[in-house]
Amino acid sequence: MLSHKLCCWRVTWKTKVASVTIPGSIFHTLRLPLMQYFGNINALLRIMSVLPSTALEDCGVVMRHKKFQEYLRNTNPKDRSPCLAMLQVGTDFRRDLDRMVTQCLKVTPQALEGICLDKESKSLIRNSDNNMEVDCVKEEDEEPKVQQAPDKNEDQDMKPADENGHAGDNRQSLVRVFRLAAQLGKKNCSLSDLSEEEQELFIQELSMCHWFRRESKCTPSISEAETVKLLTEGIRDVILKEIQESPFFSLITDKPVKIAEKTHLPVFVRYVGESAPKVELMGFLPFDENCHVDTQASKLAKILTEDWGLPMSHCRGQAFMHLGSGYQSLKKMSLDFLKSYPLSVVTPSESCGLAHWLAGSVPCPSVAKMLDITEDLLLFFDESPCLEGQLAQAVDVLLNMPREALEEIPETCYSRWKKREDFFDILADTLEGILSCLDTVSSNATGAKSMHAQVLSTALRNMDFIVTLVILKNACAPLRNCSTVFRCGNPADILCEVEKIPSIIETLNKMLENVSTVHSTWFEQAFQLATKVAPEQVCFSEESNSYESPEIYYRENLSIPLLRSLIDEMKYSFSDSHLKALSVLSLLPSCSPQPSLSESTDKPFSLYLTDLPEPEAAEQEINAWAAIWREKYQDVAPPTSIAETLVHPESKSHPAVTLLLRLVAVLPSVSIECDLMKTTLNSMRDLLRNTVCKGNRTVHVMLLSHYTTLQRLPEVIGKCIEVDPESSPCLSQVMETLQSLKLDRGSVEVKPVAATEPHAPGAAEKPVDGQVKSADTEVILEVVQGLRTAVSFYETQLREQILKDLWDSQFFTVITEQAVEIDGELYVPLCIRYLNKEDIQCEETLAFIPFREDPVVLADAIETALSEKWGLNMEYCRGQALLSVGEVGAQMRAVSLAIAKKYPQAVRTVSSAWSLNVWLAKSSPAEEAADGAVLIGKILHWLTEDAERQNKLEDMIIHVFQHNEGKGNELRDKLIKNWEKSHDMHEVMVEILEAVLLCLNELKGEGSSSDKQQALQFFDAIRNFEFILSTVVQKNVLSITKKLSQSLQGKPLDVLLAVNYLPDLKASLSKLKSDIDTHHKAWFEEAVALASKLHVTMLHSVLLEPLSEFYKESVSMKVVEHSISEIDDLFTEKVMDTLRCLEIVPYAMSKVETSILSGLVFRLYKEDLPDQASLHTEMKLWKEKWLDPLAGYLPTTVLDTLKTSQIRSFSNIETLLRLQVILPFSRRESNFRQGKRSLQEFIQQEKRSLTELHPL
């Protein structure tokens, strides 16, 4: 019978009689109508469906196993119980409750009224609890959504499921692991520090994870971005859990930050953890200043509430830094929150002085400009302890304040000043001293530091700045009484000042009413200050010309808008709700809490009645609390802070008082012990300034701000693998991912600048008195004016062997290399180039000449070494080149001129050892540009000399250009080994600077200590705006000379062609100089954009324009003028004629034949020619030989031409070729021979001693 049924069943589905669509699951098969005719098969399918090995199918109801997992995930281990688990898993409360109500109404219809009333009262209670005035139906609809919001993304991400109903990937388990690590991080303890019970619960949590191998078809791999996202969500979940336990929090945003051309708002939450206030970074909100106010406010609120899951019904305070054009959208969001949640009062933040906080919201461009300038000013002095000390000394003298008053807490100048309520008073009163400091720095320092000091000094002497400062100082004068609210933190003083807030607002109103009178006084003060600090610069802006007088202009455009804004912001920041909230501080024992009178309407807890579990008993408890401190502890010093009070034993027996204190503790306006808010803000700002990473920078800063979680993660992962080895593949991949992100806070710690260094970080060191510094930054040594003699690599016997080769050559050229330090003294390596008897180019280091500041003495020393010590006849010297730069280079130029004057045939030319562009860059008189060129060469050489480092750099280039693979590959191919001969070094550096920065950031944490130190030095040096600007300027200027540079490193034909377009090149450079304003503006904007992309600290935009003017003269103009003058010096008419003589090479002759060659040769080398009379005939025969169509192969280089079979028949031409091949510009051929001892190896030694050398 069974077999018959099976046969019929098979036929049914083969012929598709039952249904066109074949069911794909047991569940759908059992629901078919025809199943009533197949009883045995129906029974078999039902048996199969209950087997544990059979995959669970979607039957249209929630899977109980999934509900059980949700119960475990959302319930604290200590709160779990079997009964609650059964209710959670086995009951659908919405469905079952509706059924119960329906059944109840059938039995007792009169219960309808009671149920409705009860439902209505509960709805009203819930509305008051959540501070939302919405109807109960809407709340019932929305409440499940709010509860499910935090898990919404999680559920979406974990959608695939395996055959047992578990999530099909490891995201859910990873979130659990990350949460546990974050919990340990928040406690700042390791797993072993937990109690046995807590450890057991911890391991229980880990055992709830289910892990899937990557080879499973339903287990997708987790990307780096997903891992970081899950980790961030895990950290936020733990913060939200702590907020839930608090159970109140406040929302605080810092000023906007720009990252990769996008603006972000750092968001912090403040809450009470256990018994002390805590401040945690929640993340960064994307912020579009150009977006519509309502749209922007809505977007921000959505991220906070839906994406981050912040329970705004528990928010009790808001503090938004009012800076920039986006202030209105922040205020709109704040007001929207306040409308929905009336207890989320708006307050200032105690992290910043009230005057400075309120000034940020003033809609006056001059105020915003002044605040930007003062921020740059304070950061300038904060860069160096030495400068900060000078500033503090100026403040001491001008304010007659004791030194200890400024050193009472170890704060920076920047944070200390902004913290003070009399910030603008101090700035105005010490302006004279500040300017004196800036002038001293400007005159004594060099480079960027001097330039920044000049820019700041000019900005501070500006009349508009001084007037704004003085008016702001006077307008904010009434706010000084609020200083204790933000600085002192003494609750009794805070309560005293709270009572004065209305009178402060009234004072500001009176100022506004009498603005004509008060403004006249303020303007007079400003004019007197301006006359005192800058008598020659007292001039008003052009806009004031359209008013009757400058005084009226500033009254209408500054004083009136300023006072109106201060009044509005004081009312906005110190609302009645805020003042009532602050009155809760009266419950602190140090404030002598008083019993609450029943007839009194102004009670400290009246604002928070809905937050109290038993509001009717609160008054009685507060009276008992007051009585205890008045009677029981009258002889004991009471707790003075909220934290001390919360841990006091009496707090445990007074839950209402404890709750009220926890409420007021989260207010942003109440100062926290240990200045926690400011410390957290400064830490975040330091991380933003110093973090360099491949991925999302805000995510990295978020994770590094919660570094304790990262520290505990390896321990938690190790324990998880121990509990469940199946987790190893996934968790090992996670650890590899996190390690690749280089989330090491030590690598981004702010490194203090040594007190002896007055210059900016990364700037090249400047020589002190008695020192000489070459621009290649390799040589800095003290010049000792003693009796020093020339020395050599070689002893007498070796020198005699070298002399034989030199005498065979007859002609030679002199090359002075870069100066080198030997035993603490400076020597100039003296080399010569010659052609030996085998016709091989040779270069030999003959001597090291002691450097002298007198060029005549130095020239004599060089000539003596060559002629007397080596026996060379200077009459046969046919060329010279120098490779020294900087101050030594300037002296060597004078030496070169002296030698050329005495021996006219020794013409100075460019050296083929360096490309023309490298020489122009390194020899620039603009020290920033010269030092930058040397630094680029060093960095690129260091990165490419080692295969592993080069591979890392190439990987970074591909990463940076991942969206433009072709560009990435092109730049990777441009990495060479010999950067001294590069023609586009600056262009390449600008393109790959981001990749270089990322590469160095990783290398400073890898390898040997010396490699790490070197990487760190390079990293600090290039994160400098001056370096970036000089690199961009050099790139653009040298792009004009790039073709000439390439040609000079080419073959004779290339050099000849370059000579022909040299006039056009000079014209292009002249045009560049004449239009330097336009070009410099474009270069400066390019440098600013690049610096912004690399997160390099810069001045505010209001100071960038004057800074640009300084750089135009000190960098751009100097670089252009140097290129023009150096090309004129290197390519004189005589040098041009010498280059034209390369036409003698057959291949070049075939392409650019002229009729002037014989005349040129005769004029230049008539005394060197063996047979002057036959020169013309010889030239004619030479041309006929090589221009004959049947000539065959044409030699392309000078050396190839010398090796032709019939060269001996052309004695004059052979001599000319021998002369050409030894000239410094002649390129080094493949068989080029260095000296018997390598000069480069000697230079690269760590220490060089005279004991290695021999006297001449």
# chains A, B, ... in the order shown; residues from 1 in each chain; ligands from 1
call {"tool": "residues_around", "arguments": {"residues": "stretch 291-304 of chain A", "least_positions_apart": "2", "cutoff": "7 Å", "atoms": "only C-alpha atoms", "output": "list in words"}}
result
Leu285, Asp288, Glu289, Glu306, Asp307, Trp308, Gly309, Leu310, Gln328, Ser329, Leu330, Lys332 and Met333 of chain A
call {"tool": "residues_around", "arguments": {"residues": "stretch 345-352 of chain A", "least_positions_apart": "3", "cutoff": "9 Å", "atoms": "only C-alpha atoms", "output": "PyMOL selection string"}}
result
chain A and resi 250+252+315-321+334-335+338+341-342+355-358+415+418-421+485-487+572-575+577-578+581+667-672+675-679+681
call {"tool": "select_by_dssp", "arguments": {"residues": "stretch 836-953 of chain A", "states": "strand (DSSP E or B)", "output": "ChimeraX atom specification"}}
result
/A:841-850,877-882,907-908
call {"tool": "closest_residue", "arguments": {"among": "A:Ala865, A:Leu456, A:Met985, A:Leu508", "to": "A:Ala475", "atoms": "only C-alpha atoms"}}
result
A:Leu508
call {"tool": "select_by_dssp", "arguments": {"residues": "stretch 458-562 of chain A", "states": "helix (DSSP H, G or I)", "output": "ChimeraX atom specification"}}
result
/A:458-460,463-475,477-486,491-498,501-513,515-533,535-537,542-546,550-562
call {"tool": "residues_around", "arguments": {"residues": "stretch 619-635 of chain A", "least_positions_apart": "6", "cutoff": "7 Å", "atoms": "only C-alpha atoms", "output": "JSON, numbers by chain"}}
result
{"A": [589, 593, 594, 595, 596, 654, 657]}
call {"tool": "write_last_selection", "arguments": {"atoms": "all heavy atoms", "output": "PDB file, in the first residue's frame"}}
result
ATOM      1  N   PRO A 589      25.609  68.633  51.177  1.00  0.00           N
ATOM      2  CA  PRO A 589      25.858  68.916  52.598  1.00  0.00           C
ATOM      3  C   PRO A 589      26.653  70.189  52.838  1.00  0.00           C
ATOM      4  O   PRO A 589      26.412  70.898  53.813  1.00  0.00           O
ATOM      5  CB  PRO A 589      26.642  67.680  53.062  1.00  0.00           C
ATOM      6  CG  PRO A 589      26.212  66.600  52.134  1.00  0.00           C
ATOM      7  CD  PRO A 589      25.979  67.266  50.814  1.00  0.00           C
ATOM      8  N   PRO A 593      21.913  72.145  53.563  1.00  0.00           N
ATOM      9  CA  PRO A 593      20.547  71.941  53.049  1.00  0.00           C
ATOM     10  C   PRO A 593      19.492  72.300  54.084  1.00  0.00           C
ATOM     11  O   PRO A 593      19.621  71.969  55.267  1.00  0.00           O
ATOM     12  CB  PRO A 593      20.530  70.449  52.697  1.00  0.00           C
ATOM     13  CG  PRO A 593      21.663  69.843  53.464  1.00  0.00           C
ATOM     14  CD  PRO A 593      22.696  70.896  53.588  1.00  0.00           C
ATOM     15  N   GLN A 594      18.457  72.996  53.612  1.00  0.00           N
ATOM     16  CA  GLN A 594      17.379  73.438  54.480  1.00  0.00           C
ATOM     17  C   GLN A 594      16.135  72.589  54.264  1.00  0.00           C
ATOM     18  O   GLN A 594      15.914  72.065  53.174  1.00  0.00           O
ATOM     19  CB  GLN A 594      17.042  74.907  54.192  1.00  0.00           C
ATOM     20  CG  GLN A 594      18.219  75.858  54.397  1.00  0.00           C
ATOM     21  CD  GLN A 594      18.669  75.870  55.840  1.00  0.00           C
ATOM     22  OE1 GLN A 594      17.849  75.914  56.772  1.00  0.00           O
ATOM     23  NE2 GLN A 594      19.990  75.808  56.047  1.00  0.00           N
ATOM     24  N   PRO A 595      15.321  72.418  55.296  1.00  0.00           N
ATOM     25  CA  PRO A 595      14.068  71.650  55.115  1.00  0.00           C
ATOM     26  C   PRO A 595      13.144  72.359  54.142  1.00  0.00           C
ATOM     27  O   PRO A 595      13.138  73.584  54.037  1.00  0.00           O
ATOM     28  CB  PRO A 595      13.483  71.595  56.533  1.00  0.00           C
ATOM     29  CG  PRO A 595      14.127  72.728  57.265  1.00  0.00           C
ATOM     30  CD  PRO A 595      15.497  72.892  56.682  1.00  0.00           C
ATOM     31  N   SER A 596      12.376  71.554  53.424  1.00  0.00           N
ATOM     32  CA  SER A 596      11.454  72.100  52.421  1.00  0.00           C
ATOM     33  C   SER A 596      10.142  72.449  53.085  1.00  0.00           C
ATOM     34  O   SER A 596       9.510  71.598  53.716  1.00  0.00           O
ATOM     35  CB  SER A 596      11.243  71.077  51.302  1.00  0.00           C
ATOM     36  OG  SER A 596      10.315  71.548  50.380  1.00  0.00           O
ATOM     37  N   HIS A 654      18.738  57.540  51.240  1.00  0.00           N
ATOM     38  CA  HIS A 654      17.932  58.666  50.730  1.00  0.00           C
ATOM     39  C   HIS A 654      17.921  58.613  49.207  1.00  0.00           C
ATOM     40  O   HIS A 654      18.598  59.392  48.529  1.00  0.00           O
ATOM     41  CB  HIS A 654      18.507  59.999  51.216  1.00  0.00           C
ATOM     42  CG  HIS A 654      18.445  60.183  52.697  1.00  0.00           C
ATOM     43  ND1 HIS A 654      19.371  59.616  53.553  1.00  0.00           N
ATOM     44  CD2 HIS A 654      17.547  60.845  53.494  1.00  0.00           C
ATOM     45  CE1 HIS A 654      19.073  59.936  54.799  1.00  0.00           C
ATOM     46  NE2 HIS A 654      17.961  60.672  54.797  1.00  0.00           N
ATOM     47  N   VAL A 657      17.054  61.943  47.154  1.00  0.00           N
ATOM     48  CA  VAL A 657      18.137  62.928  47.151  1.00  0.00           C
ATOM     49  C   VAL A 657      19.256  62.482  46.216  1.00  0.00           C
ATOM     50  O   VAL A 657      19.803  63.277  45.438  1.00  0.00           O
ATOM     51  CB  VAL A 657      18.681  63.127  48.585  1.00  0.00           C
ATOM     52  CG1 VAL A 657      19.934  64.008  48.556  1.00  0.00           C
ATOM     53  CG2 VAL A 657      17.620  63.757  49.476  1.00  0.00           C
TER      54      VAL A 657
END
call {"tool": "closest_residue", "arguments": {"among": "A:Glu1006, A:Gln1013, A:Glu844, A:Tyr707", "to": "A:Phe1232", "atoms": "only C-alpha atoms"}}
result
A:Glu844
call {"tool": "closest_residue", "arguments": {"among": "A:Gln1046, A:Ser361, A:Ser520, A:Thr640", "to": "A:Ser915", "atoms": "only C-alpha atoms"}}
result
A:Gln1046
call {"tool": "closest_residue", "arguments": {"among": "A:Met35, A:Leu2, A:Arg1023, A:Trp13", "to": "A:Lys1093", "atoms": "only C-alpha atoms"}}
result
A:Arg1023
call {"tool": "decode", "arguments": {"residues": "stretch 975-1061 of chain A", "atoms": "C-alpha atoms", "output": "PDB file, in the first residue's frame"}}
result
ATOM      1  CA  LEU A 975      59.847  55.416  -7.810  1.00  0.00           C
ATOM      2  CA  ILE A 976      63.550  55.296  -8.648  1.00  0.00           C
ATOM      3  CA  LYS A 977      66.768  54.713  -6.711  1.00  0.00           C
ATOM      4  CA  ASN A 978      68.901  57.679  -7.780  1.00  0.00           C
ATOM      5  CA  TRP A 979      66.804  60.685  -6.811  1.00  0.00           C
ATOM      6  CA  GLU A 980      69.713  63.096  -7.387  1.00  0.00           C
ATOM      7  CA  LYS A 981      69.086  62.651 -11.106  1.00  0.00           C
ATOM      8  CA  SER A 982      65.310  62.997 -10.917  1.00  0.00           C
ATOM      9  CA  HIS A 983      63.695  65.711 -13.018  1.00  0.00           C
ATOM     10  CA  ASP A 984      60.276  65.599 -11.359  1.00  0.00           C
ATOM     11  CA  MET A 985      61.083  64.788  -7.711  1.00  0.00           C
ATOM     12  CA  HIS A 986      58.865  67.555  -6.361  1.00  0.00           C
ATOM     13  CA  GLU A 987      56.018  66.666  -8.691  1.00  0.00           C
ATOM     14  CA  VAL A 988      56.147  63.022  -7.581  1.00  0.00           C
ATOM     15  CA  MET A 989      56.356  64.048  -3.920  1.00  0.00           C
ATOM     16  CA  VAL A 990      53.271  66.242  -4.138  1.00  0.00           C
ATOM     17  CA  GLU A 991      51.338  63.405  -5.782  1.00  0.00           C
ATOM     18  CA  ILE A 992      52.381  60.714  -3.293  1.00  0.00           C
ATOM     19  CA  LEU A 993      52.711  62.879  -0.164  1.00  0.00           C
ATOM     20  CA  GLU A 994      49.619  61.345   1.437  1.00  0.00           C
ATOM     21  CA  ALA A 995      50.942  57.839   0.752  1.00  0.00           C
ATOM     22  CA  VAL A 996      54.380  58.817   2.125  1.00  0.00           C
ATOM     23  CA  LEU A 997      52.761  60.182   5.288  1.00  0.00           C
ATOM     24  CA  LEU A 998      50.739  57.004   5.821  1.00  0.00           C
ATOM     25  CA  CYS A 999      53.792  54.872   5.139  1.00  0.00           C
ATOM     26  CA  LEU A1000      55.963  56.782   7.623  1.00  0.00           C
ATOM     27  CA  ASN A1001      53.160  56.628  10.174  1.00  0.00           C
ATOM     28  CA  GLU A1002      53.320  52.842  10.081  1.00  0.00           C
ATOM     29  CA  LEU A1003      57.114  52.633   9.851  1.00  0.00           C
ATOM     30  CA  LYS A1004      57.583  54.723  12.998  1.00  0.00           C
ATOM     31  CA  GLY A1005      56.130  51.781  14.887  1.00  0.00           C
ATOM     32  CA  GLU A1006      57.992  49.015  13.063  1.00  0.00           C
ATOM     33  CA  GLY A1007      61.544  47.742  12.682  1.00  0.00           C
ATOM     34  CA  SER A1008      64.648  48.650  14.628  1.00  0.00           C
ATOM     35  CA  SER A1009      64.780  51.586  17.027  1.00  0.00           C
ATOM     36  CA  SER A1010      66.950  53.568  14.596  1.00  0.00           C
ATOM     37  CA  ASP A1011      64.485  52.956  11.751  1.00  0.00           C
ATOM     38  CA  LYS A1012      61.567  53.967  13.953  1.00  0.00           C
ATOM     39  CA  GLN A1013      63.370  57.110  15.033  1.00  0.00           C
ATOM     40  CA  GLN A1014      64.198  57.984  11.430  1.00  0.00           C
ATOM     41  CA  ALA A1015      60.605  57.441  10.321  1.00  0.00           C
ATOM     42  CA  LEU A1016      59.361  59.603  13.187  1.00  0.00           C
ATOM     43  CA  GLN A1017      61.731  62.435  12.270  1.00  0.00           C
ATOM     44  CA  PHE A1018      60.625  62.345   8.632  1.00  0.00           C
ATOM     45  CA  PHE A1019      56.965  62.117   9.687  1.00  0.00           C
ATOM     46  CA  ASP A1020      57.209  65.214  11.881  1.00  0.00           C
ATOM     47  CA  ALA A1021      59.187  67.135   9.268  1.00  0.00           C
ATOM     48  CA  ILE A1022      56.688  66.776   6.420  1.00  0.00           C
ATOM     49  CA  ARG A1023      53.638  67.557   8.582  1.00  0.00           C
ATOM     50  CA  ASN A1024      54.577  71.169   8.248  1.00  0.00           C
ATOM     51  CA  PHE A1025      52.799  73.756   6.107  1.00  0.00           C
ATOM     52  CA  GLU A1026      56.027  75.498   5.182  1.00  0.00           C
ATOM     53  CA  PHE A1027      57.415  72.265   3.768  1.00  0.00           C
ATOM     54  CA  ILE A1028      54.220  71.618   1.812  1.00  0.00           C
ATOM     55  CA  LEU A1029      54.133  75.144   0.379  1.00  0.00           C
ATOM     56  CA  SER A1030      57.803  75.142  -0.665  1.00  0.00           C
ATOM     57  CA  THR A1031      57.333  71.725  -2.295  1.00  0.00           C
ATOM     58  CA  VAL A1032      54.289  72.925  -4.244  1.00  0.00           C
ATOM     59  CA  VAL A1033      56.106  76.117  -5.344  1.00  0.00           C
ATOM     60  CA  GLN A1034      59.184  74.157  -6.458  1.00  0.00           C
ATOM     61  CA  LYS A1035      57.001  71.679  -8.318  1.00  0.00           C
ATOM     62  CA  ASN A1036      55.331  74.414 -10.344  1.00  0.00           C
ATOM     63  CA  VAL A1037      58.488  76.416 -11.082  1.00  0.00           C
ATOM     64  CA  LEU A1038      60.621  73.368 -11.922  1.00  0.00           C
ATOM     65  CA  SER A1039      57.971  72.065 -14.298  1.00  0.00           C
ATOM     66  CA  ILE A1040      59.152  74.828 -16.668  1.00  0.00           C
ATOM     67  CA  THR A1041      62.786  73.673 -16.504  1.00  0.00           C
ATOM     68  CA  LYS A1042      61.924  69.943 -16.523  1.00  0.00           C
ATOM     69  CA  LYS A1043      62.515  69.507 -20.260  1.00  0.00           C
ATOM     70  CA  LEU A1044      65.924  71.206 -20.078  1.00  0.00           C
ATOM     71  CA  SER A1045      66.844  69.081 -17.060  1.00  0.00           C
ATOM     72  CA  GLN A1046      65.942  65.892 -18.925  1.00  0.00           C
ATOM     73  CA  SER A1047      67.838  66.962 -22.032  1.00  0.00           C
ATOM     74  CA  LEU A1048      71.062  67.700 -20.132  1.00  0.00           C
ATOM     75  CA  GLN A1049      71.027  64.122 -18.803  1.00  0.00           C
ATOM     76  CA  GLY A1050      70.502  62.808 -22.323  1.00  0.00           C
ATOM     77  CA  LYS A1051      72.733  62.262 -25.337  1.00  0.00           C
ATOM     78  CA  PRO A1052      74.496  65.026 -27.331  1.00  0.00           C
ATOM     79  CA  LEU A1053      71.531  65.477 -29.671  1.00  0.00           C
ATOM     80  CA  ASP A1054      69.222  66.103 -26.688  1.00  0.00           C
ATOM     81  CA  VAL A1055      71.633  68.701 -25.321  1.00  0.00           C
ATOM     82  CA  LEU A1056      71.864  70.454 -28.702  1.00  0.00           C
ATOM     83  CA  LEU A1057      68.089  70.646 -29.013  1.00  0.00           C
ATOM     84  CA  ALA A1058      67.875  72.013 -25.471  1.00  0.00           C
ATOM     85  CA  VAL A1059      70.288  74.822 -26.371  1.00  0.00           C
ATOM     86  CA  ASN A1060      67.967  75.855 -29.179  1.00  0.00           C
ATOM     87  CA  TYR A1061      64.895  76.329 -26.962  1.00  0.00           C
TER      88      TYR A1061
END
